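Next up, structure.cif (mmCIF, C-alpha atoms and all ligand atoms):
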```
data_data
loop_
_atom_site.label_atom_id
_atom_site.label_comp_id
_atom_site.auth_asym_id
_atom_site.auth_seq_id
_atom_site.Cartn_x
_atom_site.Cartn_y
_atom_site.Cartn_z
CA SER A 325 -76.36 -20.64 -34.43
CA SER A 326 -79.18 -22.07 -36.54
CA VAL A 327 -79.02 -22.51 -40.30
CA PRO A 328 -80.74 -19.81 -42.40
CA ASP A 329 -83.03 -20.72 -45.31
CA VAL A 330 -82.85 -19.67 -48.92
CA THR A 331 -86.18 -19.15 -50.66
CA LEU A 332 -86.51 -20.96 -53.98
CA ALA A 333 -88.32 -19.32 -56.92
CA ASN A 334 -91.57 -21.15 -56.08
CA GLY A 335 -91.48 -19.92 -52.48
CA VAL A 336 -90.26 -23.18 -50.93
CA ARG A 337 -87.64 -22.58 -48.25
CA MET A 338 -84.48 -24.68 -48.22
CA PRO A 339 -81.80 -24.71 -45.49
CA GLN A 340 -78.64 -23.09 -46.80
CA LEU A 341 -76.51 -25.84 -45.25
CA GLY A 342 -77.32 -29.53 -45.37
CA PHE A 343 -75.74 -32.95 -45.09
CA GLY A 344 -74.54 -34.94 -48.12
CA VAL A 345 -74.42 -38.74 -47.99
CA TRP A 346 -72.54 -39.72 -51.18
CA GLN A 347 -70.19 -42.70 -50.57
CA VAL A 348 -71.83 -43.41 -47.22
CA PRO A 349 -72.82 -47.13 -47.26
CA ASP A 350 -76.50 -47.75 -46.48
CA ASP A 351 -75.75 -49.29 -43.05
CA GLN A 352 -73.46 -46.37 -42.08
CA ALA A 353 -75.93 -43.83 -43.45
CA GLU A 354 -78.16 -44.46 -40.44
CA THR A 355 -75.39 -43.53 -38.01
CA ALA A 356 -74.14 -40.59 -40.06
CA VAL A 357 -77.60 -39.11 -40.62
CA ALA A 358 -78.46 -39.60 -36.95
CA HIS A 359 -75.31 -37.67 -35.98
CA ALA A 360 -76.20 -34.94 -38.47
CA LEU A 361 -79.75 -34.57 -37.15
CA ALA A 362 -78.42 -34.46 -33.59
CA ALA A 363 -75.93 -31.76 -34.61
CA GLY A 364 -78.77 -29.66 -36.02
CA TYR A 365 -78.75 -30.41 -39.76
CA ARG A 366 -82.26 -30.25 -41.21
CA SER A 367 -81.48 -30.96 -44.87
CA ILE A 368 -80.24 -34.28 -46.28
CA ASP A 369 -78.91 -34.75 -49.82
CA THR A 370 -79.15 -38.31 -51.13
CA ALA A 371 -79.62 -39.89 -54.56
CA ALA A 372 -80.82 -43.18 -56.01
CA ILE A 373 -77.24 -44.01 -57.07
CA TYR A 374 -75.92 -43.50 -53.53
CA ARG A 375 -77.85 -46.65 -52.56
CA ASN A 376 -78.62 -45.21 -49.14
CA GLU A 377 -82.13 -43.83 -49.58
CA GLN A 378 -83.43 -46.68 -47.38
CA GLY A 379 -81.01 -46.06 -44.52
CA THR A 380 -81.62 -42.32 -44.79
CA GLY A 381 -85.38 -42.79 -44.70
CA ARG A 382 -85.25 -45.20 -41.78
CA THR A 383 -83.15 -42.78 -39.77
CA LEU A 384 -85.46 -39.86 -40.47
CA ALA A 385 -88.44 -41.93 -39.38
CA ALA A 386 -86.72 -43.07 -36.17
CA SER A 387 -85.32 -39.63 -35.31
CA GLY A 388 -88.50 -38.11 -33.95
CA VAL A 389 -87.78 -34.96 -35.95
CA PRO A 390 -91.10 -33.93 -37.55
CA ARG A 391 -91.12 -34.65 -41.28
CA ASP A 392 -91.89 -31.03 -42.17
CA GLU A 393 -88.75 -29.86 -40.36
CA VAL A 394 -86.37 -31.85 -42.59
CA PHE A 395 -85.66 -30.96 -46.22
CA VAL A 396 -85.04 -34.16 -48.20
CA THR A 397 -83.39 -34.11 -51.63
CA THR A 398 -82.97 -37.13 -53.88
CA LYS A 399 -81.94 -37.51 -57.51
CA LEU A 400 -82.90 -39.49 -60.60
CA TRP A 401 -79.92 -41.56 -61.70
CA ASN A 402 -80.10 -41.15 -65.40
CA SER A 403 -77.95 -44.07 -66.37
CA ALA A 404 -80.41 -46.50 -64.81
CA SER A 405 -82.21 -46.62 -68.14
CA GLU A 406 -80.72 -46.17 -71.62
CA THR A 407 -82.91 -43.23 -72.55
CA TRP A 408 -85.61 -42.09 -70.17
CA THR A 409 -89.26 -42.01 -71.14
CA ARG A 410 -91.83 -40.07 -69.15
CA ASP A 411 -93.35 -43.27 -67.71
CA ALA A 412 -89.97 -44.63 -66.67
CA VAL A 413 -89.17 -41.38 -64.87
CA LEU A 414 -92.48 -41.49 -62.99
CA ARG A 415 -91.87 -45.13 -61.99
CA GLU A 416 -88.33 -44.37 -60.83
CA PHE A 417 -89.57 -41.43 -58.76
CA ASP A 418 -92.10 -43.74 -57.07
CA ALA A 419 -89.26 -46.20 -56.39
CA SER A 420 -87.22 -43.48 -54.68
CA LEU A 421 -90.22 -42.51 -52.50
CA ASP A 422 -90.66 -46.20 -51.58
CA ARG A 423 -86.99 -46.57 -50.63
CA LEU A 424 -87.13 -43.38 -48.55
CA GLY A 425 -90.44 -44.43 -46.98
CA LEU A 426 -91.86 -40.99 -47.77
CA ASP A 427 -94.88 -39.77 -49.69
CA GLN A 428 -93.17 -36.53 -50.70
CA VAL A 429 -89.62 -35.24 -51.17
CA ASP A 430 -88.67 -31.59 -50.86
CA LEU A 431 -86.43 -31.52 -53.92
CA TYR A 432 -86.00 -33.94 -56.83
CA LEU A 433 -83.02 -33.41 -59.12
CA ILE A 434 -81.90 -34.78 -62.49
CA HIS A 435 -78.48 -36.10 -61.52
CA TRP A 436 -76.62 -35.39 -64.80
CA PRO A 437 -77.64 -33.85 -68.15
CA ARG A 438 -75.97 -36.58 -70.26
CA PRO A 439 -76.38 -34.43 -73.38
CA MET A 440 -75.29 -37.32 -75.62
CA ARG A 441 -78.51 -39.17 -74.70
CA ASP A 442 -80.70 -36.19 -75.52
CA ASP A 443 -83.39 -37.04 -72.97
CA TYR A 444 -83.15 -34.28 -70.37
CA VAL A 445 -85.98 -32.25 -71.90
CA THR A 446 -88.26 -35.31 -71.59
CA ILE A 447 -87.12 -35.75 -67.97
CA VAL A 448 -87.77 -32.09 -67.12
CA ARG A 449 -91.32 -32.37 -68.48
CA ALA A 450 -91.93 -35.46 -66.32
CA PHE A 451 -90.45 -33.65 -63.33
CA ALA A 452 -92.85 -30.75 -63.87
CA ASP A 453 -95.73 -33.24 -63.63
CA ILE A 454 -94.25 -34.67 -60.42
CA ALA A 455 -94.06 -31.15 -58.98
CA ALA A 456 -97.64 -30.42 -60.06
CA SER A 457 -98.77 -33.59 -58.23
CA GLY A 458 -97.27 -32.21 -55.02
CA ARG A 459 -95.04 -35.23 -54.47
CA ALA A 460 -91.92 -33.10 -54.90
CA ARG A 461 -92.16 -29.62 -53.40
CA ALA A 462 -89.53 -28.42 -55.87
CA VAL A 463 -87.69 -29.92 -58.85
CA GLY A 464 -84.36 -29.03 -60.35
CA THR A 465 -81.20 -30.14 -62.03
CA SER A 466 -77.67 -31.13 -61.18
CA ASN A 467 -74.56 -30.68 -63.30
CA PHE A 468 -76.40 -28.71 -65.98
CA HIS A 469 -74.21 -26.34 -67.98
CA PRO A 470 -75.48 -23.09 -69.52
CA PRO A 471 -76.53 -24.64 -72.86
CA HIS A 472 -78.51 -27.34 -71.04
CA LEU A 473 -80.29 -24.82 -68.80
CA ARG A 474 -81.06 -22.51 -71.71
CA ARG A 475 -82.48 -25.36 -73.77
CA VAL A 476 -84.69 -26.53 -70.87
CA VAL A 477 -86.12 -23.06 -70.37
CA ALA A 478 -86.60 -22.46 -74.12
CA GLU A 479 -88.29 -25.80 -74.83
CA THR A 480 -90.33 -26.38 -71.67
CA GLY A 481 -90.71 -23.02 -69.94
CA VAL A 482 -89.68 -24.83 -66.75
CA VAL A 483 -86.97 -23.07 -64.72
CA PRO A 484 -85.23 -25.52 -62.36
CA ALA A 485 -85.55 -24.35 -58.74
CA VAL A 486 -81.98 -25.44 -58.02
CA ASN A 487 -78.93 -26.44 -60.05
CA GLN A 488 -76.55 -28.51 -57.91
CA ILE A 489 -73.02 -28.22 -59.32
CA GLU A 490 -69.43 -28.90 -58.34
CA LEU A 491 -68.34 -25.66 -56.69
CA HIS A 492 -65.54 -24.81 -54.26
CA PRO A 493 -62.74 -22.23 -54.12
CA TYR A 494 -60.78 -24.03 -56.87
CA LEU A 495 -63.85 -24.16 -59.19
CA GLN A 496 -65.94 -21.06 -58.54
CA GLN A 497 -68.30 -21.40 -61.53
CA SER A 498 -68.77 -17.68 -62.19
CA GLU A 499 -70.49 -18.18 -65.56
CA LEU A 500 -73.04 -20.63 -64.16
CA ARG A 501 -73.63 -18.54 -61.06
CA ALA A 502 -74.37 -15.48 -63.20
CA LEU A 503 -76.82 -17.47 -65.32
CA HIS A 504 -78.51 -18.85 -62.20
CA THR A 505 -78.98 -15.29 -60.94
CA GLU A 506 -80.40 -14.23 -64.32
CA LEU A 507 -82.89 -17.14 -64.37
CA GLY A 508 -83.74 -17.24 -60.65
CA ILE A 509 -82.11 -20.63 -59.98
CA ALA A 510 -80.57 -21.33 -56.56
CA THR A 511 -76.93 -22.44 -56.71
CA GLU A 512 -76.18 -25.55 -54.66
CA ALA A 513 -72.52 -26.54 -54.25
CA TRP A 514 -71.55 -30.21 -54.34
CA SER A 515 -68.14 -31.26 -53.08
CA PRO A 516 -68.09 -27.89 -51.31
CA LEU A 517 -64.89 -28.93 -49.50
CA GLY A 518 -63.26 -30.23 -52.69
CA GLN A 519 -63.82 -33.78 -51.39
CA GLY A 520 -61.14 -33.11 -48.79
CA LYS A 521 -58.51 -33.64 -51.50
CA GLY A 522 -55.86 -30.95 -51.22
CA LEU A 523 -58.14 -27.93 -51.09
CA LEU A 524 -58.21 -28.01 -47.29
CA ASP A 525 -54.37 -27.90 -47.26
CA ASP A 526 -54.32 -24.67 -49.25
CA ALA A 527 -52.01 -22.12 -47.55
CA THR A 528 -54.32 -19.15 -48.14
CA LEU A 529 -57.29 -21.00 -46.66
CA GLY A 530 -55.11 -22.09 -43.75
CA ARG A 531 -54.09 -18.50 -43.06
CA ILE A 532 -57.69 -17.24 -43.21
CA ALA A 533 -58.88 -20.08 -40.98
CA ALA A 534 -56.16 -19.38 -38.41
CA LYS A 535 -56.99 -15.66 -38.43
CA HIS A 536 -60.54 -16.50 -37.30
CA GLY A 537 -59.54 -19.34 -34.97
CA ARG A 538 -61.37 -21.81 -37.21
CA THR A 539 -60.51 -24.85 -39.36
CA PRO A 540 -59.97 -24.62 -43.14
CA ALA A 541 -63.22 -26.56 -43.67
CA GLN A 542 -65.11 -23.96 -41.63
CA ALA A 543 -63.49 -21.10 -43.56
CA VAL A 544 -64.49 -22.69 -46.87
CA LEU A 545 -68.06 -23.30 -45.75
CA ARG A 546 -68.29 -19.73 -44.48
CA TRP A 547 -67.12 -18.49 -47.92
CA HIS A 548 -69.88 -20.52 -49.63
CA LEU A 549 -72.53 -19.11 -47.31
CA GLN A 550 -71.36 -15.53 -47.75
CA VAL A 551 -71.35 -15.74 -51.58
CA GLY A 552 -74.88 -17.18 -51.44
CA ASN A 553 -74.40 -20.87 -52.18
CA VAL A 554 -76.38 -23.70 -50.64
CA VAL A 555 -73.84 -26.24 -49.30
CA ILE A 556 -74.03 -29.93 -48.45
CA PRO A 557 -70.72 -31.01 -46.90
CA LYS A 558 -70.27 -34.71 -46.20
CA SER A 559 -68.50 -36.46 -43.35
CA VAL A 560 -69.01 -39.68 -41.41
CA THR A 561 -66.89 -38.43 -38.49
CA PRO A 562 -69.09 -37.04 -35.69
CA SER A 563 -66.63 -34.27 -34.72
CA ARG A 564 -66.42 -33.07 -38.35
CA ILE A 565 -70.19 -33.34 -38.81
CA ALA A 566 -70.53 -30.95 -35.86
CA GLU A 567 -67.65 -28.74 -37.01
CA ASN A 568 -69.17 -28.28 -40.47
CA ILE A 569 -72.42 -26.83 -39.14
CA ASP A 570 -70.67 -24.65 -36.54
CA VAL A 571 -70.15 -21.79 -39.00
CA PHE A 572 -72.81 -19.25 -38.09
CA ASP A 573 -71.01 -17.25 -35.42
CA PHE A 574 -68.16 -15.72 -37.41
CA ALA A 575 -67.76 -13.95 -40.75
CA LEU A 576 -65.05 -13.60 -43.35
CA ASP A 577 -64.12 -10.00 -44.17
CA ALA A 578 -63.63 -8.37 -47.56
CA ASP A 579 -59.90 -9.20 -47.62
CA ASP A 580 -60.65 -12.88 -46.94
CA LEU A 581 -63.29 -13.00 -49.68
CA ALA A 582 -60.92 -11.33 -52.17
CA ALA A 583 -58.13 -13.78 -51.31
CA ILE A 584 -60.44 -16.75 -51.82
CA ALA A 585 -61.78 -15.30 -55.08
CA ALA A 586 -58.19 -15.35 -56.34
CA LEU A 587 -57.90 -19.13 -55.73
CA ASP A 588 -60.22 -20.00 -58.64
CA ARG A 589 -58.34 -22.29 -61.05
CA GLY A 590 -60.89 -24.49 -62.79
CA THR A 591 -59.96 -27.68 -60.92
CA ARG A 592 -62.62 -30.41 -61.06
CA PHE A 593 -62.58 -33.25 -58.55
CA GLY A 594 -65.66 -34.84 -60.16
CA GLY A 595 -66.92 -35.56 -63.68
CA ASN A 596 -67.32 -33.06 -66.49
CA PRO A 597 -71.04 -32.66 -67.24
CA ASP A 598 -70.44 -32.25 -70.98
CA THR A 599 -69.03 -35.76 -71.29
CA PHE A 600 -70.19 -37.63 -68.16
CA ASP A 601 -72.47 -40.53 -69.10
P1 LIG A 701 -67.08 -32.71 -49.72
O1 LIG A 701 -66.49 -31.58 -50.46
O2 LIG A 701 -68.26 -32.49 -48.85
O3 LIG A 701 -65.90 -33.39 -48.92
C1 LIG A 701 -66.14 -34.49 -48.08
C2 LIG A 701 -64.81 -35.02 -47.58
O4 LIG A 701 -64.04 -33.95 -47.04
C3 LIG A 701 -64.97 -36.03 -46.47
O5 LIG A 701 -65.13 -37.33 -46.99
C4 LIG A 701 -63.68 -35.86 -45.69
O6 LIG A 701 -62.65 -36.57 -46.32
C5 LIG A 701 -63.41 -34.38 -45.82
N1 LIG A 701 -63.97 -33.55 -44.73
C6 LIG A 701 -65.27 -33.31 -44.43
N2 LIG A 701 -65.37 -32.48 -43.39
C7 LIG A 701 -64.11 -32.18 -43.00
C8 LIG A 701 -63.57 -31.37 -41.98
N3 LIG A 701 -64.36 -30.68 -41.17
N4 LIG A 701 -62.23 -31.30 -41.88
C9 LIG A 701 -61.41 -31.98 -42.72
N5 LIG A 701 -61.87 -32.76 -43.71
C10 LIG A 701 -63.21 -32.86 -43.85
O7 LIG A 701 -67.35 -33.85 -50.82
P2 LIG A 701 -68.53 -34.71 -51.38
O8 LIG A 701 -68.97 -35.76 -50.43
O9 LIG A 701 -68.09 -35.13 -52.73
O10 LIG A 701 -69.72 -33.66 -51.60
C11 LIG A 701 -70.70 -33.42 -50.63
C12 LIG A 701 -72.04 -33.91 -51.10
O11 LIG A 701 -72.37 -33.35 -52.37
C13 LIG A 701 -72.10 -35.41 -51.34
O12 LIG A 701 -72.17 -36.15 -50.15
C14 LIG A 701 -73.33 -35.49 -52.19
O13 LIG A 701 -74.49 -35.40 -51.36
C15 LIG A 701 -73.19 -34.28 -53.07
N6 LIG A 701 -72.58 -34.58 -54.39
C16 LIG A 701 -73.35 -34.47 -55.49
C17 LIG A 701 -72.83 -34.75 -56.74
C18 LIG A 701 -73.69 -34.59 -57.96
O14 LIG A 701 -73.29 -35.04 -59.04
N7 LIG A 701 -74.84 -33.98 -57.85
C19 LIG A 701 -71.50 -35.16 -56.88
C20 LIG A 701 -70.72 -35.26 -55.73
C21 LIG A 701 -71.26 -34.97 -54.49
#
```

Write out the structure in this file as structure tokens.
Amino acid sequence: SSVPDVTLANGVRMPQLGFGVWQVPDDQAETAVAHALAAGYRSIDTAAIYRNEQGTGRTLAASGVPRDEVFVTTKLWNSASETWTRDAVLREFDASLDRLGLDQVDLYLIHWPRPMRDDYVTIVRAFADIAASGRARAVGTSNFHPPHLRRVVAETGVVPAVNQIELHPYLQQSELRALHTELGIATEAWSPLGQGKGLLDDATLGRIAAKHGRTPAQAVLRWHLQVGNVVIPKSVTPSRIAENIDVFDFALDADDLAAIAALDRGTRFGGNPDTFD
């Protein structure tokens, strides 16, 4: 039961399921990432603001897994500087590479659009230069809403390879997903399990999980995979880390997918990209 890849617009292949390390302290990141690699994960989602790029990088280096078999994502924290300039972005990217102990990442994302700062077009241009240098195999965005994506494409011609957004059965993001399809952007779901807050107690999800002899978390992850999302569930518990990747030997049916589609209710567990600063 190995993880399939999605192919990004530039041809780079990205595992459809990876491991997220938000809120994992740097010293615990080594243990958690080691468990994830042992369980078969080959994609790790970190960020400068998670303060665990160093632990993540150390674990990758010690794991013995060849570098080209692991897909590493990190993100520019765009509150680290008031308003980003091109040079500051390039310096911050170098700092992330140093912390990770890598000379290349697979995906570099702008963490938030922060439209009130009006600097994301500048950042996208700098990211395009980073991609051209080969030090990021792909570049993209996170938390960009349709107006932000349309402005980036109109003003720079750059189409993000990925837009990583909050997405789970209570926030299904149909408008963004349609725009991603139109523009050729891969949809990556953050908080795919709704941060474990309530979503996993949903009665409909419980019924579907029981029908397949699976847990609610596995049913939700299976839904993401079947609708085409890239997912990056997080856990520090070894049994859950293993459970969350053990989702490739069953399938939801059309009734299950319709029942989950009906759960959409616009609930955000994280920040709203229009106002988050
Ligand atoms: P998640 O939806 O992955 O939920 C994680 C929580 O769910 C765990 O802490 C645990 O409480 C619970 N859980 C996990 N596996 C479980 C299981 N099998 N059974 C029962 N409960 C389980 O939430 P997340 O950590 O917010 O999101 C995942 C990743 O997405 C993050 O680690 C991070 O990499 C990324 N992320 C990105 C952004 C962004 O702005 N780009 C924001 C939030 C998260």

Given 6 Å and only C-alpha atoms and all ligand atoms, residues near ligand LIG 701 (chain A) as a PyMOL selection string:
chain A and resi 344-346+369-370+435+466+488+514-520+541+556-559+564+567-568

Counting all atoms listed in the file, the option among A:Ala371, A:Val429, A:Ile447, A:Val394 closest to A:Trp408
A:Ile447

Using only C-alpha atoms, find the one residue out of A:Thr383, A:Ser457, A:Gln378, A:Asn596 that sits nearest to A:Leu421.
A:Gln378

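Of the listed residues A:Glu490, A:Ala566, A:Gln496, A:Ile454, the one whose atoms come nearest to A:Val551 is A:Gln496, with distances taken using all atoms listed in the file.
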
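Note that atom CA of A:Arg592 and atom CA of A:Ile569 are 24.3 Å apart.
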
Which residue is closest to A:Val336? Choose from A:Val486, A:Leu491, A:Leu576, A:Met440 and count all atoms listed in the file.
A:Val486

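If you count all atoms listed in the file and ignore residues fewer than 6 places along the chain from A:Glu393, what sits within 12 Å of it is Asp329, Arg337, Met338, Pro339, Leu361, Gly364, Tyr365, Arg366, Ser367, Ile368, Leu384, Ser387 and Asp430 of chain A.
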
Those residues with C-alpha atoms, as an mmCIF file, in the frame of the given file please?
```cif
data_model
loop_
_atom_site.group_PDB
_atom_site.id
_atom_site.type_symbol
_atom_site.label_atom_id
_atom_site.label_comp_id
_atom_site.auth_asym_id
_atom_site.auth_seq_id
_atom_site.Cartn_x
_atom_site.Cartn_y
_atom_site.Cartn_z
ATOM 1 C CA ASP A 329 -83.030 -20.720 -45.310
ATOM 2 C CA ARG A 337 -87.640 -22.580 -48.250
ATOM 3 C CA MET A 338 -84.480 -24.680 -48.220
ATOM 4 C CA PRO A 339 -81.800 -24.710 -45.490
ATOM 5 C CA LEU A 361 -79.750 -34.570 -37.150
ATOM 6 C CA GLY A 364 -78.770 -29.660 -36.020
ATOM 7 C CA TYR A 365 -78.750 -30.410 -39.760
ATOM 8 C CA ARG A 366 -82.260 -30.250 -41.210
ATOM 9 C CA SER A 367 -81.480 -30.960 -44.870
ATOM 10 C CA ILE A 368 -80.240 -34.280 -46.280
ATOM 11 C CA LEU A 384 -85.460 -39.860 -40.470
ATOM 12 C CA SER A 387 -85.320 -39.630 -35.310
ATOM 13 C CA ASP A 430 -88.670 -31.590 -50.860
#
```

From A:Thr505, A:Asn467, A:Thr511, A:Thr446, residue lying nearest A:Glu479 [all atoms listed in the file]:
A:Thr446

Which residues are close to A:Arg461, i.e. within 12 Å by all atoms listed in the file, leaving aside same-chain residues fewer than 3 positions away? Reply as a PyMOL selection string.
chain A and resi 332-338+392+395-398+427-433+451-458+464+485-486

Around stretch 384-391 of chain A, fit a box with edges along x, y and z, padding it by 3 Å on each side, then list its centre and edge lengths in Å to one decimal as AutoDock Vina command-line options.
```
--center_x -88.2 --center_y -38.5 --center_z -37.6 --size_x 11.8 --size_y 15.1 --size_z 13.3
```

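The list of residues with at least one atom within 7 Å of A:Phe468, based on only C-alpha atoms and without residues fewer than 4 positions apart in the same chain, reads Trp436, Pro437, His472, Leu473, Asn487 and Pro597 of chain A.
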
For A:Glu506, which residue among A:Ala578, A:Ala356, A:Val448, A:Val483 is the nearest when counting all atoms listed in the file?
A:Val483

Shell around A:Gln542 at 8 Å using only C-alpha atoms, local window under 4 positions removed, as a PyMOL selection string:
chain A and resi 533+538+546+567-568+570-571
